[in-house]
Amino acid sequence: MIVKMAALDWLAMKVYLKFLFPMLFFVFLGGLGSSLIIVSISVWLFTGMSTYPFAVEEKGELNKLYLTLPVKKRDIVAGRYFLSFIILIGSILIGIGCMFMVNNYNIPFFTFTNKYLLNGTLLITVIAVGYLLYAVLVLCNFPLLFTLGYLKGKYLTIVIQIIIFLGGLFSFTLLENRSESPVEKFLNFAAENMVLVNGMIFITATVILALSYIICVKVYSKRDF
Amino acid sequence: MQNAIEVKNLMKKYKGFSLDGVSFNVPSGYITGFIGQNGAGKTTTLKLMLNMVLKDGGDIEILGKSNDDISFKEDLGALFDQPYFQEDWTPADIEKALRPFYRKWDSEVYHSYLKKFSLDAGQKFKTFSRGMKMKLGMAAALSHDAKLLLLDEPTSGLDPVMRDEMLDILQDYLTQENKTVLFSTHVTGDLEKIADYIIYIHKGRIVYTGLKDELIEKYCLIRGRAGDLPREKRESVIGLREDTSSFEGMIEVANLGGFPSRVVTEPVNLDDIMIHINKEDYKNDC
């Protein structure tokens with residue numbers, strides 16, 4: 001049922017799929033400073049895409065359609081989480097692809113980009129950070145949107161997302177510009193303690209996701225349409 | 001006689017409006033009209049049945065199951081004043097969206113309805129007229145062998161020809177065995193044509209539930225000269241309107257005794273009943 005709900009959400013948001021190509025452009029653009037943040041940029045942009053079903057559900061009263069179907073409210077929430085997770089996987093793959101291109105080819109405009117040697121350890125860390133970012137974004141977006149709906153909740157979520165994005169970008173730039181880059185130090189530490197660091201990131205992100213899912217199920221099951 | 005729907009003591013409170021102990025049954029195999037003026041509680045009641053709105057109290061059984069058990073929706077077709085489809089969906093998309101949720105979805109039936117209603121499977125939902133949209137909603141509701149149709153104002157805003165076509169579709173549906181329709185509307189003319197039973201809700205309370213013909217035969221319109229209204233009969237005239245020379249209103253046929261023979265009586269229709277009960281209520285509120 002969860003897969004069916006995710007597929008229905010995907011079908012409902014097909015009008016927004018035209019934004020895919022502009023988003024790819026922005027993923028690349030995000031790599032101007034450092035190829036390391038391309039995956040995070042990709043996750044940030046595409047996780048935003050997983051809020052599109054909330055946008056169409058109010059415009060087309062999709063919730064009411066869903067509630068005429070033999071589906072539990074819990075499955076509606078789970079379907080949306082599942083779709084967002086699939087989008088996360090897609091965004092990580094796209095991000096890694098872009099990162100690989102920026103790192104390995106001399107693409108104009110990316111000449112001055114900080115480049116790194118891509119290896120398995122680095123990739124796992126980048127994925128773990130992307131997953132954590134996704135979990136935080138979902139926590140910031142989904143409970144608000146399930147509670148208030150898109151029209152009332154979107155401005156709050158946009159503000160929160162911009163704060164996270166600018167805060168992340170600012171911190172990263174600040175750290176990267178220091179002589180002894182803490183990012184590199186962290187990557188080296190992560191490389192030496194790969195299981196510990198990435199494991200902690202994955203566990204933290206999963207706990208955040210589970211928490212936000214529980215909140216969403218509770219608020220959605222009490223909402224009147 | 002089995003009931004397709006049993007509602008007992010249903011409660012829902014909003015600011016300024018409440019459903020107050022609503023109870024009624026919808027018998028299987030018939031069309032039941034759910035009438036009441038705008039804001040009387042019809043849509044709220046239907047939404048409570050579908051769990052779109054959470055009840056504050058009471059029980060709802062649909063097709064023998066509590067409405068908390070969502071499996072009853074497998075056998076349910078629901079259509080509100082406009083189908084809840086996405087604007088850019090085509091009838092083909094709608095089938096793609098709904099088919100996975102119904103074990104008994106029949107593509108052949110769906111496409112036969114599209115053909116019967118002259119709906120192009122590739123045309124976007126937003127480009128259909130209101131009547132075509134309602135027909136598409138009916139096609140979707142009828143394509144998974146639903147035993148019960150819940151319809152909320154399905155004919156409002158349709159032209160007379162399209163309304164008549166919708167009523168024909170419902171009558172065709174009822175020719176199949178063990179099918180039930182609950183049809184909520186304030187356009188009572190439609191129900192005069194097709195309904196067997198009536199549930200009348202007024203300000204969140206059920207005023208009448210039973211056979212349509214019994215309801216219509218229960219009341220009559222009455223009018224006469226001012227002096228023809230005996231004082232002891234004033235209370236029995238519902239929605240009484242009088243001036244210095246005449247009076248008119250509605251009365252239960254059982255209360256007709258005691259009037260002079262020159263008063264004029266006429267049969268009522270559902271509109272008359274709603275209008276006079278509403279007038280009476282307004283008078284009492286004042």
# chains A, B, ... in the order shown; residues from 1 in each chain; ligands from 1
>>> residues_around(residues="Lys154 of chain A", least_positions_apart="6", cutoff="12 Å", atoms="only C-alpha atoms", output="PyMOL selection string")
chain A and resi 48+51-52+54-55+58+140-148+160-161
>>> select_by_dssp(residues="segment 79-199 of chain B", states="alpha helix (DSSP H)", output="ChimeraX atom specification")
/B:91-98,107-116,130-142,160-174,188-194
>>> closest_residue(among="A:Val217, A:Leu62, A:Leu209, A:Ile38", to="Leu139 of chain A", atoms="only C-alpha atoms")
A:Leu209
>>> atom_distance(atom1="atom CA of Ile214 of chain A", atom2="atom CA of Leu166 of chain A")
28.2 Å
>>> interface_residues(of="chain B", to="chain A", cutoff="6 Å", atoms="only C-alpha atoms", output="VMD selection string")
chain B and resid 52 to 53 70 to 71 73 to 74 84 86 97
>>> write_last_selection(atoms="C-alpha atoms", output="PDB file, in the first residue's frame")
ATOM      1  CA  MET B  52     -12.443  12.824   6.331  1.00  0.00           C
ATOM      2  CA  VAL B  53     -13.670  14.431   9.515  1.00  0.00           C
ATOM      3  CA  ILE B  70     -11.364   1.277   5.935  1.00  0.00           C
ATOM      4  CA  SER B  71     -11.929  -1.967   3.988  1.00  0.00           C
ATOM      5  CA  LYS B  73     -14.165   1.659   0.914  1.00  0.00           C
ATOM      6  CA  GLU B  74     -13.342  -1.208  -1.476  1.00  0.00           C
ATOM      7  CA  TYR B  84     -11.107  15.329  -6.609  1.00  0.00           C
ATOM      8  CA  GLN B  86      -5.772  16.689 -10.538  1.00  0.00           C
ATOM      9  CA  ALA B  97      -4.165   6.425 -10.181  1.00  0.00           C
TER      10      ALA B  97
END
>>> residues_around(residues="segment 112-124 of chain B", least_positions_apart="5", cutoff="10 Å", atoms="only C-alpha atoms", output="list of chain:residue names")
B:Gln86, B:Glu87, B:Asp88, B:Trp89, B:Thr90, B:Pro91, B:Ala92, B:Asp93, B:Ile94, B:Glu95, B:Asp106, B:Ser107, B:Met132, B:Lys133, B:Lys135, B:Leu136, B:Met138, B:Ala139, B:Ala140, B:Leu142, B:Ser143, B:Glu165
>>> write_last_selection(atoms="C-alpha atoms", output="compact mmCIF listing (two decimals), in the first residue's frame")
# COMPACT_ATOMS: atom_id res chain seq x y z
CA GLN B 86 -5.77 16.69 -10.54
CA GLU B 87 -6.33 19.31 -13.20
CA ASP B 88 -3.67 17.91 -15.55
CA TRP B 89 -4.80 14.30 -15.23
CA THR B 90 -6.44 12.65 -18.19
CA PRO B 91 -9.05 9.89 -17.81
CA ALA B 92 -6.20 7.47 -18.58
CA ASP B 93 -4.17 8.96 -15.68
CA ILE B 94 -7.19 8.68 -13.42
CA GLU B 95 -7.41 4.98 -14.16
CA ASP B 106 -12.53 -3.36 -14.25
CA SER B 107 -10.77 -1.48 -17.04
CA MET B 132 -18.29 16.03 -18.18
CA LYS B 133 -16.23 16.15 -14.98
CA LYS B 135 -19.64 12.01 -15.59
CA LEU B 136 -15.95 11.15 -15.34
CA MET B 138 -19.26 8.66 -11.97
CA ALA B 139 -17.32 6.48 -14.44
CA ALA B 140 -14.53 6.12 -11.86
CA LEU B 142 -18.81 2.77 -11.02
CA SER B 143 -15.78 0.89 -12.34
CA GLU B 165 -28.50 12.17 -17.65
>>> atom_distance(atom1="atom CA of Val219 of chain A", atom2="atom CA of Ile62 of chain B")
25.5 Å
>>> closest_residue(among="B:Ala146, B:Ile206, B:Leu158, B:Cys220", to="Met250 of chain B", atoms="only C-alpha atoms")
B:Cys220
>>> closest_residue(among="A:Ile41, A:Ile86, A:Leu174, A:Val195", to="Phe25 of chain A", atoms="only C-alpha atoms")
A:Ile41
>>> atom_distance(atom1="atom CA of Lys65 of chain B", atom2="atom CA of Leu170 of chain B")
24.1 Å
>>> residues_around(residues="segment 226-238 of chain B", least_positions_apart="4", cutoff="8 Å", atoms="only C-alpha atoms", output="list in words")
Glu242, Asp243, Thr244, Ser245, Ser246, Phe247, Gly249, Met250, Ile251, Glu252, Asn255, Gly258, Phe259, Pro260, Val263, His276, Ile277, Lys279 and Glu280 of chain B
>>> residues_around(residues="Pro267 of chain B", least_positions_apart="4", cutoff="12 Å", atoms="only C-alpha atoms", output="VMD selection string")
chain B and resid 213 215 to 223 249 to 253 271 to 273
